[in-house]
Amino acid sequence: MATGLLTTANPALLGRRYTEGYLTQPNVLGDAAWGALRVTGTLNFEGYTLRRGELNAGMYGEGYADRRHPHTLVHEAMLAVGTPSRAGFRATLAGGKGFTPYGTDDPMMRPFVKYPVNHHHAQIIERVLVLGALQFARGDRSITVEQGWFNGDEPVGPFTGPQWSRVGDSRSTRLTVAPFRSLEVQASSAFVRSPGLTQGGAFDHRQRSASLRYDVPDKRYALVEIARTDESLGAQRVFRFASTLVESSIMHRGWAISARAERTERPESERLLDLFRTPNGHGDFQLVGITRWSIGTVQLAAPGTGIPRVRGTQVTPFIEVARATARAQLSPAVFVPAEFYGSATQWSLSLGARIHAGTMRRRMGRYALPATARAGMPSGGSPSPLTHP
């Protein structure tokens, strides 16, 4: 999969309009199964195509601000083994590098091209982890509990590895309840040791997430999520960042229209000579402000417009418009959004096309082998044009 993208943002910085083109989200995804074993792999090539980052108002993390950072080359490399299902129960043990059992699905597998600001509040990704899961399922109903242990340090670049000595210093737990085929409720918590400094010693993060997901493939999709990150020094909370997000899609006669509303608080760090860059890691000790971002996004995509497919390749053109408003939450504040950007409100317009070849996954980062196959679970099913427009 990959997305050819042209984005214009006004103002992007210091009252100036920026217009840039990218090949974003270039990935090769592969899955294989042998009996009770399953391998999940994803190679992400944004380190080659997105080194400067992608214009994305409000987005932050791993040394980037107002640009989405490139993900690591080895995005996923997970091996999972499951027990036979007995009386509706099945256990899974998984290990490798991938998504921790925390929060919601990677935004890459959701309708929008631009990532929400809450990416680092709502997902914890690209960690070396060991995961255990237990699921009980009857028909389309299921309850899944996952527990994971992983390294807290965030990647410092797309081609760098983890601090192996830190593997196991952080943990997360996720409970997922599916009362019927199209509905899923999840709640999760995580303790992440010093993600901002690879050698440790920065603030620890205590994170919470809850979400409600409704998905009828090829017809309707909706997600409501709340997330919170507390940065603490020992038992003392120093900062709190909260997020609320609602997004939905509906497909009709080959067209998909999607809308998203988000309000997320992010830390502001000192900028480097490149004003889109910050000291690597979360703001922690360099914090110069807290900004609340309110963003509304609308996308129109055409997954069923009849563009010819070549050997299983699907091309989906789209147009996406976002309006972002940033306001300082501390007074007085060193970082004043309206002065830094040239306006308190930023607009962006993105045009492009998504290209998929082969059979696409409908979810990413779910490694628990289901006791009973359900729509949207990792065990299979064709992709929905709403989650893969």
# chains A, B, ... in the order shown; residues from 1 in each chain; ligands from 1
$ closest_atom_pairs --of "stretch 1-46 of chain A" --to "stretch 262-281 of chain A" --cutoff "10 Å" --atoms "only C-alpha atoms" --output "JSON lines"
{"residue": "A:Ala12", "atom": "CA", "partner": "A:Phe276", "partner_atom": "CA", "distance": 9.7}
{"residue": "A:Leu13", "atom": "CA", "partner": "A:Leu275", "partner_atom": "CA", "distance": 8.2}
{"residue": "A:Leu14", "atom": "CA", "partner": "A:Leu275", "partner_atom": "CA", "distance": 9.7}
$ write_last_selection --atoms "C-alpha atoms" --output "CSV table (one decimal), in the first residue's frame"
chain,number,residue,atom,x,y,z
A,12,ALA,CA,1.9,26.4,8.1
A,13,LEU,CA,4.5,28.5,9.8
A,14,LEU,CA,5.1,32.3,10.4
$ closest_atom_pairs --of "stretch 137-201 of chain A" --to "stretch 362-368 of chain A" --cutoff "12 Å" --atoms "only C-alpha atoms" --output "Markdown table"
| residue | atom | partner | partner_atom | distance |
| --- | --- | --- | --- | --- |
| A:Ser142 | CA | A:Ala368 | CA | 12.0 |
| A:Ile143 | CA | A:Ala368 | CA | 11.2 |
| A:Thr144 | CA | A:Ala368 | CA | 8.1 |
| A:Val145 | CA | A:Ala368 | CA | 9.0 |
| A:Glu146 | CA | A:Ala368 | CA | 7.7 |
| A:Gln147 | CA | A:Ala368 | CA | 10.4 |
| A:Gly148 | CA | A:Tyr367 | CA | 11.0 |
| A:Arg174 | CA | A:Arg366 | CA | 11.0 |
| A:Leu175 | CA | A:Ala368 | CA | 11.7 |
| A:Thr176 | CA | A:Arg366 | CA | 10.9 |
$ residues_around --residues "A:Gly35" --least-positions-apart "3" --cutoff "12 Å" --atoms "only C-alpha atoms" --output "PyMOL selection string"
chain A and resi 32+38-39+80-84+369
$ write_last_selection --atoms "all heavy atoms" --output "PDB file, in the first residue's frame"
ATOM      1  N   ALA A  32       1.233 -14.824   7.468  1.00  0.00           N
ATOM      2  CA  ALA A  32       1.306 -16.246   7.144  1.00  0.00           C
ATOM      3  C   ALA A  32       0.899 -17.042   8.372  1.00  0.00           C
ATOM      4  O   ALA A  32       1.106 -16.602   9.514  1.00  0.00           O
ATOM      5  CB  ALA A  32       2.715 -16.632   6.701  1.00  0.00           C
ATOM      6  N   ARG A  38       1.087 -17.969  13.762  1.00  0.00           N
ATOM      7  CA  ARG A  38       0.822 -16.911  12.786  1.00  0.00           C
ATOM      8  C   ARG A  38       1.932 -15.878  12.844  1.00  0.00           C
ATOM      9  O   ARG A  38       2.371 -15.466  13.924  1.00  0.00           O
ATOM     10  CB  ARG A  38      -0.512 -16.214  13.060  1.00  0.00           C
ATOM     11  CG  ARG A  38      -0.894 -15.250  11.908  1.00  0.00           C
ATOM     12  CD  ARG A  38      -2.189 -14.521  12.189  1.00  0.00           C
ATOM     13  NE  ARG A  38      -1.996 -13.534  13.246  1.00  0.00           N
ATOM     14  CZ  ARG A  38      -2.976 -13.065  13.997  1.00  0.00           C
ATOM     15  NH1 ARG A  38      -4.204 -13.544  13.842  1.00  0.00           N
ATOM     16  NH2 ARG A  38      -2.745 -12.157  14.928  1.00  0.00           N
ATOM     17  N   VAL A  39       2.393 -15.450  11.676  1.00  0.00           N
ATOM     18  CA  VAL A  39       3.415 -14.418  11.549  1.00  0.00           C
ATOM     19  C   VAL A  39       2.773 -13.179  10.938  1.00  0.00           C
ATOM     20  O   VAL A  39       2.049 -13.270   9.941  1.00  0.00           O
ATOM     21  CB  VAL A  39       4.589 -14.890  10.671  1.00  0.00           C
ATOM     22  CG1 VAL A  39       5.596 -13.767  10.475  1.00  0.00           C
ATOM     23  CG2 VAL A  39       5.271 -16.095  11.304  1.00  0.00           C
ATOM     24  N   ALA A  80       2.867 -15.225  16.709  1.00  0.00           N
ATOM     25  CA  ALA A  80       1.839 -15.562  17.698  1.00  0.00           C
ATOM     26  C   ALA A  80       1.517 -17.044  17.604  1.00  0.00           C
ATOM     27  O   ALA A  80       1.507 -17.640  16.520  1.00  0.00           O
ATOM     28  CB  ALA A  80       0.572 -14.744  17.454  1.00  0.00           C
ATOM     29  N   VAL A  81       1.243 -17.649  18.764  1.00  0.00           N
ATOM     30  CA  VAL A  81       0.823 -19.039  18.824  1.00  0.00           C
ATOM     31  C   VAL A  81      -0.400 -19.122  19.718  1.00  0.00           C
ATOM     32  O   VAL A  81      -0.451 -18.484  20.772  1.00  0.00           O
ATOM     33  CB  VAL A  81       1.952 -19.957  19.343  1.00  0.00           C
ATOM     34  CG1 VAL A  81       2.427 -19.513  20.719  1.00  0.00           C
ATOM     35  CG2 VAL A  81       1.526 -21.409  19.353  1.00  0.00           C
ATOM     36  N   GLY A  82      -1.394 -19.881  19.280  1.00  0.00           N
ATOM     37  CA  GLY A  82      -2.632 -19.977  20.034  1.00  0.00           C
ATOM     38  C   GLY A  82      -2.955 -21.403  20.421  1.00  0.00           C
ATOM     39  O   GLY A  82      -2.585 -22.364  19.724  1.00  0.00           O
ATOM     40  N   THR A  83      -3.633 -21.548  21.537  1.00  0.00           N
ATOM     41  CA  THR A  83      -4.093 -22.868  21.961  1.00  0.00           C
ATOM     42  C   THR A  83      -5.353 -23.231  21.187  1.00  0.00           C
ATOM     43  O   THR A  83      -6.032 -22.356  20.635  1.00  0.00           O
ATOM     44  CB  THR A  83      -4.400 -22.865  23.459  1.00  0.00           C
ATOM     45  OG1 THR A  83      -5.516 -21.981  23.708  1.00  0.00           O
ATOM     46  CG2 THR A  83      -3.198 -22.412  24.258  1.00  0.00           C
ATOM     47  N   PRO A  84      -5.720 -24.503  21.138  1.00  0.00           N
ATOM     48  CA  PRO A  84      -7.022 -24.859  20.557  1.00  0.00           C
ATOM     49  C   PRO A  84      -8.158 -24.219  21.357  1.00  0.00           C
ATOM     50  O   PRO A  84      -8.052 -23.997  22.566  1.00  0.00           O
ATOM     51  CB  PRO A  84      -7.045 -26.391  20.675  1.00  0.00           C
ATOM     52  CG  PRO A  84      -5.623 -26.796  20.819  1.00  0.00           C
ATOM     53  CD  PRO A  84      -4.950 -25.688  21.570  1.00  0.00           C
ATOM     54  N   LEU A 369      -5.217 -14.371  18.732  1.00  0.00           N
ATOM     55  CA  LEU A 369      -5.889 -15.236  17.761  1.00  0.00           C
ATOM     56  C   LEU A 369      -7.310 -15.497  18.238  1.00  0.00           C
ATOM     57  O   LEU A 369      -7.523 -15.982  19.354  1.00  0.00           O
ATOM     58  CB  LEU A 369      -5.134 -16.554  17.617  1.00  0.00           C
ATOM     59  CG  LEU A 369      -3.682 -16.419  17.161  1.00  0.00           C
ATOM     60  CD1 LEU A 369      -3.013 -17.779  17.099  1.00  0.00           C
ATOM     61  CD2 LEU A 369      -3.600 -15.743  15.808  1.00  0.00           C
TER      62      LEU A 369
END
$ atom_distance --atom1 "atom CA of A:Leu134" --atom2 "atom CA of A:Asp106"
22.0 Å
$ closest_residue --among "A:Thr72, A:Gln186, A:Gln207, A:Thr173" --to "A:Pro155" --atoms "only C-alpha atoms"
A:Thr72
$ closest_residue --among "A:Ala344, A:Ala94, A:Val246, A:Val113" --to "A:Glu320" --atoms "only C-alpha atoms"
A:Val113
$ residues_around --residues "A:Arg67" --least-positions-apart "6" --cutoff "10 Å" --atoms "only C-alpha atoms" --output "list in words"
Ala12, Leu50, Arg52, Gly53, Glu54, Leu55, Asn56, Ala57, Gly58, Met59, Tyr60, Gly61, Lys114, Tyr115, Phe276 and Arg277 of chain A
$ write_last_selection --atoms "N, CA and C atoms" --output "mmCIF file, in the first residue's frame"
data_model
loop_
_atom_site.group_PDB
_atom_site.id
_atom_site.type_symbol
_atom_site.label_atom_id
_atom_site.label_comp_id
_atom_site.auth_asym_id
_atom_site.auth_seq_id
_atom_site.Cartn_x
_atom_site.Cartn_y
_atom_site.Cartn_z
ATOM 1 N N ALA A 12 1.175 27.554 7.462
ATOM 2 C CA ALA A 12 1.855 26.412 8.061
ATOM 3 C C ALA A 12 2.866 26.863 9.103
ATOM 4 N N LEU A 50 9.864 10.088 3.508
ATOM 5 C CA LEU A 50 9.224 11.093 4.358
ATOM 6 C C LEU A 50 10.197 11.619 5.416
ATOM 7 N N ARG A 52 11.651 14.444 5.806
ATOM 8 C CA ARG A 52 11.367 15.800 6.298
ATOM 9 C C ARG A 52 10.083 15.845 7.110
ATOM 10 N N GLY A 53 9.304 14.744 7.095
ATOM 11 C CA GLY A 53 8.007 14.722 7.756
ATOM 12 C C GLY A 53 6.909 15.208 6.817
ATOM 13 N N GLU A 54 5.683 14.943 7.201
ATOM 14 C CA GLU A 54 4.510 15.285 6.382
ATOM 15 C C GLU A 54 3.718 16.390 7.078
ATOM 16 N N LEU A 55 3.428 17.476 6.363
ATOM 17 C CA LEU A 55 2.648 18.572 6.922
ATOM 18 C C LEU A 55 1.381 18.036 7.560
ATOM 19 N N ASN A 56 1.200 18.330 8.857
ATOM 20 C CA ASN A 56 0.076 17.773 9.604
ATOM 21 C C ASN A 56 -0.103 18.636 10.859
ATOM 22 N N ALA A 57 -0.915 19.677 10.750
ATOM 23 C CA ALA A 57 -1.048 20.657 11.829
ATOM 24 C C ALA A 57 -1.399 19.980 13.152
ATOM 25 N N GLY A 58 -0.663 20.306 14.210
ATOM 26 C CA GLY A 58 -0.912 19.768 15.540
ATOM 27 C C GLY A 58 -0.197 18.475 15.844
ATOM 28 N N MET A 59 0.214 17.745 14.829
ATOM 29 C CA MET A 59 0.876 16.463 15.023
ATOM 30 C C MET A 59 2.247 16.669 15.668
ATOM 31 N N TYR A 60 2.663 15.734 16.516
ATOM 32 C CA TYR A 60 3.961 15.863 17.169
ATOM 33 C C TYR A 60 4.471 14.482 17.544
ATOM 34 N N GLY A 61 5.761 14.447 17.883
ATOM 35 C CA GLY A 61 6.350 13.205 18.372
ATOM 36 C C GLY A 61 7.643 12.862 17.674
ATOM 37 N N LYS A 114 -4.519 12.232 6.868
ATOM 38 C CA LYS A 114 -3.826 12.970 7.920
ATOM 39 C C LYS A 114 -4.104 12.328 9.273
ATOM 40 N N TYR A 115 -3.049 12.174 10.062
ATOM 41 C CA TYR A 115 -3.177 11.545 11.373
ATOM 42 C C TYR A 115 -3.795 12.521 12.379
ATOM 43 N N PHE A 276 10.154 23.088 12.321
ATOM 44 C CA PHE A 276 9.287 21.916 12.388
ATOM 45 C C PHE A 276 9.896 20.808 13.249
ATOM 46 N N ARG A 277 11.072 21.052 13.832
ATOM 47 C CA ARG A 277 11.740 20.025 14.606
ATOM 48 C C ARG A 277 11.927 20.487 16.047
#
$ residues_around --residues "stretch 323-334 of chain A" --least-positions-apart "4" --cutoff "8 Å" --atoms "only C-alpha atoms" --output "list in words"
Ala57, Gly58, Val288, Gly289, Ile290, Thr291, Arg292, Trp293, Ser294, Ile295, Gly296, Thr297, Ala338, Ala344, Thr345, Gln346, Trp347 and Ser348 of chain A
$ atom_distance --atom1 "atom CA of A:Gly157" --atom2 "atom CA of A:Val192"
18.8 Å
$ residues_around --residues "A:Tyr221" --least-positions-apart "4" --cutoff "7 Å" --atoms "only C-alpha atoms" --output "PyMOL selection string"
chain A and resi 214-216+248-250+386
$ write_last_selection --atoms "N, CA and C atoms" --output "mmCIF file, in the first residue's frame"
data_model
loop_
_atom_site.group_PDB
_atom_site.id
_atom_site.type_symbol
_atom_site.label_atom_id
_atom_site.label_comp_id
_atom_site.auth_asym_id
_atom_site.auth_seq_id
_atom_site.Cartn_x
_atom_site.Cartn_y
_atom_site.Cartn_z
ATOM 1 N N TYR A 214 -17.947 1.118 15.839
ATOM 2 C CA TYR A 214 -19.058 0.504 15.121
ATOM 3 C C TYR A 214 -18.656 0.385 13.663
ATOM 4 N N ASP A 215 -18.742 -0.815 13.116
ATOM 5 C CA ASP A 215 -18.232 -1.037 11.764
ATOM 6 C C ASP A 215 -19.097 -2.058 11.033
ATOM 7 N N VAL A 216 -19.792 -1.583 10.012
ATOM 8 C CA VAL A 216 -20.521 -2.456 9.099
ATOM 9 C C VAL A 216 -19.790 -2.379 7.766
ATOM 10 N N SER A 248 -16.333 9.263 11.665
ATOM 11 C CA SER A 248 -17.304 8.352 11.059
ATOM 12 C C SER A 248 -17.179 8.399 9.543
ATOM 13 N N SER A 249 -17.670 7.356 8.906
ATOM 14 C CA SER A 249 -17.694 7.250 7.446
ATOM 15 C C SER A 249 -18.982 6.576 7.021
ATOM 16 N N ILE A 250 -19.414 6.933 5.852
ATOM 17 C CA ILE A 250 -20.563 6.252 5.253
ATOM 18 C C ILE A 250 -20.281 6.106 3.764
ATOM 19 N N LEU A 386 -14.351 1.478 3.607
ATOM 20 C CA LEU A 386 -14.395 2.590 4.547
ATOM 21 C C LEU A 386 -13.117 2.648 5.361
#
$ residues_around --residues "A:Asp169" --least-positions-apart "2" --cutoff "9 Å" --atoms "only C-alpha atoms" --output "list in words"
Trp149, Phe150, Asn151, Gly152, Ser165, Arg166, Val167, Arg171, Phe191, Val192 and Arg193 of chain A
$ atom_distance --atom1 "atom CA of A:Arg16" --atom2 "atom CA of A:Tyr64"
18.5 Å
$ select_by_dssp --residues "stretch 149-323 of chain A" --states "helix (DSSP H, G or I)" --output "number ranges by chain"
A: 164-166, 284-286
$ closest_residue --among "A:Gly47, A:Gly15, A:Pro317, A:Gly312" --to "A:His356" --atoms "only C-alpha atoms"
A:Gly312
$ closest_residue --among "A:Gly196, A:Gly132, A:Pro111, A:Gly358" --to "A:Gln299" --atoms "only C-alpha atoms"
A:Pro111
$ select_by_dssp --residues "stretch 99-249 of chain A" --states "strand (DSSP E)" --output "VMD selection string"
chain A and resid 127 to 138 141 to 150 170 to 180 183 to 192 204 to 216 220 to 233 236 to 249
$ decode --residues "stretch 181-318 of chain A" --atoms "C-alpha atoms" --output "tab-separated table (two decimals), in the first residue's frame"
chain	number	residue	atom	x	y	z
A	181	ARG	CA	-20.57	-8.45	15.17
A	182	SER	CA	-20.47	-4.73	14.36
A	183	LEU	CA	-19.81	-3.23	17.79
A	184	GLU	CA	-16.63	-3.18	19.88
A	185	VAL	CA	-15.83	-1.50	23.18
A	186	GLN	CA	-12.28	-1.26	24.54
A	187	ALA	CA	-10.65	0.12	27.65
A	188	SER	CA	-6.93	0.04	28.29
A	189	SER	CA	-4.18	1.41	30.47
A	190	ALA	CA	-0.41	1.63	30.18
A	191	PHE	CA	2.65	2.54	32.18
A	192	VAL	CA	5.48	3.72	29.90
A	193	ARG	CA	8.88	4.24	31.47
A	194	SER	CA	10.69	7.39	30.25
A	195	PRO	CA	9.67	7.39	26.57
A	196	GLY	CA	11.36	10.75	26.00
A	197	LEU	CA	14.92	9.64	26.82
A	198	THR	CA	16.25	6.32	25.58
A	199	GLN	CA	18.65	6.02	28.51
A	200	GLY	CA	15.82	6.66	30.99
A	201	GLY	CA	15.39	9.43	33.52
A	202	ALA	CA	12.66	11.45	31.79
A	203	PHE	CA	9.06	11.64	32.99
A	204	ASP	CA	7.12	8.38	33.02
A	205	HIS	CA	3.76	8.21	31.25
A	206	ARG	CA	0.58	6.76	32.67
A	207	GLN	CA	-1.93	6.44	29.88
A	208	ARG	CA	-5.64	5.61	29.69
A	209	SER	CA	-7.83	4.94	26.68
A	210	ALA	CA	-11.46	4.01	26.06
A	211	SER	CA	-13.30	3.70	22.77
A	212	LEU	CA	-16.48	2.57	21.05
A	213	ARG	CA	-16.17	1.30	17.48
A	214	TYR	CA	-19.06	0.50	15.12
A	215	ASP	CA	-18.23	-1.04	11.76
A	216	VAL	CA	-20.52	-2.46	9.10
A	217	PRO	CA	-18.17	-3.32	6.21
A	218	ASP	CA	-18.89	-1.49	2.94
A	219	LYS	CA	-21.60	0.61	4.61
A	220	ARG	CA	-20.91	2.46	7.85
A	221	TYR	CA	-18.09	3.05	10.31
A	222	ALA	CA	-17.85	5.16	13.48
A	223	LEU	CA	-15.33	5.56	16.29
A	224	VAL	CA	-15.55	7.48	19.55
A	225	GLU	CA	-12.44	7.57	21.73
A	226	ILE	CA	-11.10	9.36	24.76
A	227	ALA	CA	-7.48	9.19	25.86
A	228	ARG	CA	-5.34	10.72	28.56
A	229	THR	CA	-1.61	10.85	29.25
A	230	ASP	CA	-0.23	11.81	32.66
A	231	GLU	CA	3.48	12.62	32.78
A	232	SER	CA	4.86	11.98	36.23
A	233	LEU	CA	8.03	12.07	38.28
A	234	GLY	CA	7.75	9.10	40.61
A	235	ALA	CA	4.29	9.23	42.13
A	236	GLN	CA	3.84	12.95	41.46
A	237	ARG	CA	1.90	14.00	38.38
A	238	VAL	CA	3.54	16.90	36.56
A	239	PHE	CA	1.49	17.30	33.37
A	240	ARG	CA	-1.77	15.93	32.02
A	241	PHE	CA	-2.80	15.83	28.35
A	242	ALA	CA	-6.34	14.85	27.35
A	243	SER	CA	-7.92	13.94	24.01
A	244	THR	CA	-11.41	13.36	22.64
A	245	LEU	CA	-12.00	12.16	19.09
A	246	VAL	CA	-15.08	11.25	17.05
A	247	GLU	CA	-14.93	10.05	13.45
A	248	SER	CA	-17.30	8.35	11.06
A	249	SER	CA	-17.69	7.25	7.45
A	250	ILE	CA	-20.56	6.25	5.25
A	251	MET	CA	-20.41	4.69	1.80
A	252	HIS	CA	-23.07	5.10	-0.86
A	253	ARG	CA	-22.98	4.20	-4.55
A	254	GLY	CA	-19.23	3.92	-4.73
A	255	TRP	CA	-18.49	7.10	-2.76
A	256	ALA	CA	-17.25	7.36	0.82
A	257	ILE	CA	-17.64	10.52	2.88
A	258	SER	CA	-15.84	10.74	6.22
A	259	ALA	CA	-15.78	13.32	9.00
A	260	ARG	CA	-13.64	13.66	12.12
A	261	ALA	CA	-13.69	16.05	15.08
A	262	GLU	CA	-10.82	16.08	17.56
A	263	ARG	CA	-9.75	18.07	20.60
A	264	THR	CA	-6.31	17.15	21.92
A	265	GLU	CA	-3.75	18.79	24.20
A	266	ARG	CA	-0.09	18.50	23.30
A	267	PRO	CA	3.18	19.61	24.94
A	268	GLU	CA	5.16	22.38	23.26
A	269	SER	CA	8.94	22.10	23.19
A	270	GLU	CA	11.55	24.56	22.06
A	271	ARG	CA	12.03	24.49	18.29
A	272	LEU	CA	15.35	23.85	16.57
A	273	LEU	CA	16.75	25.83	13.61
A	274	ASP	CA	14.27	23.86	11.51
A	275	LEU	CA	11.11	25.17	13.15
A	276	PHE	CA	9.29	21.92	12.39
A	277	ARG	CA	11.74	20.03	14.61
A	278	THR	CA	12.15	19.76	18.39
A	279	PRO	CA	14.62	17.97	20.66
A	280	ASN	CA	13.95	14.29	20.09
A	281	GLY	CA	11.36	12.70	22.33
A	282	HIS	CA	8.42	14.11	24.28
A	283	GLY	CA	8.70	17.69	25.58
A	284	ASP	CA	9.26	16.85	29.26
A	285	PHE	CA	12.08	19.13	30.46
A	286	GLN	CA	11.95	21.48	27.46
A	287	LEU	CA	8.24	22.23	27.88
A	288	VAL	CA	7.44	25.84	26.96
A	289	GLY	CA	3.66	25.51	26.84
A	290	ILE	CA	0.61	23.31	26.42
A	291	THR	CA	-1.58	23.79	23.36
A	292	ARG	CA	-5.11	22.57	22.83
A	293	TRP	CA	-5.80	21.65	19.22
A	294	SER	CA	-9.36	21.56	17.91
A	295	ILE	CA	-9.48	20.05	14.43
A	296	GLY	CA	-12.32	19.26	12.07
A	297	THR	CA	-11.62	17.11	9.00
A	298	VAL	CA	-13.80	16.06	6.06
A	299	GLN	CA	-12.81	13.64	3.32
A	300	LEU	CA	-14.51	12.57	0.10
A	301	ALA	CA	-13.12	9.38	-1.46
A	302	ALA	CA	-14.11	7.32	-4.46
A	303	PRO	CA	-13.28	3.66	-3.80
A	304	GLY	CA	-15.94	2.43	-6.22
A	305	THR	CA	-15.66	4.79	-9.17
A	306	GLY	CA	-14.52	2.12	-11.59
A	307	ILE	CA	-10.85	3.02	-12.00
A	308	PRO	CA	-9.40	-0.07	-13.69
A	309	ARG	CA	-7.62	-2.57	-11.48
A	310	VAL	CA	-4.43	-4.24	-12.63
A	311	ARG	CA	-3.69	-7.63	-11.07
A	312	GLY	CA	-5.60	-6.89	-7.89
A	313	THR	CA	-4.49	-3.25	-7.55
A	314	GLN	CA	-7.07	-0.70	-6.40
A	315	VAL	CA	-6.63	3.07	-6.82
A	316	THR	CA	-8.80	5.34	-4.66
A	317	PRO	CA	-8.69	9.10	-5.28
A	318	PHE	CA	-9.65	11.44	-2.44
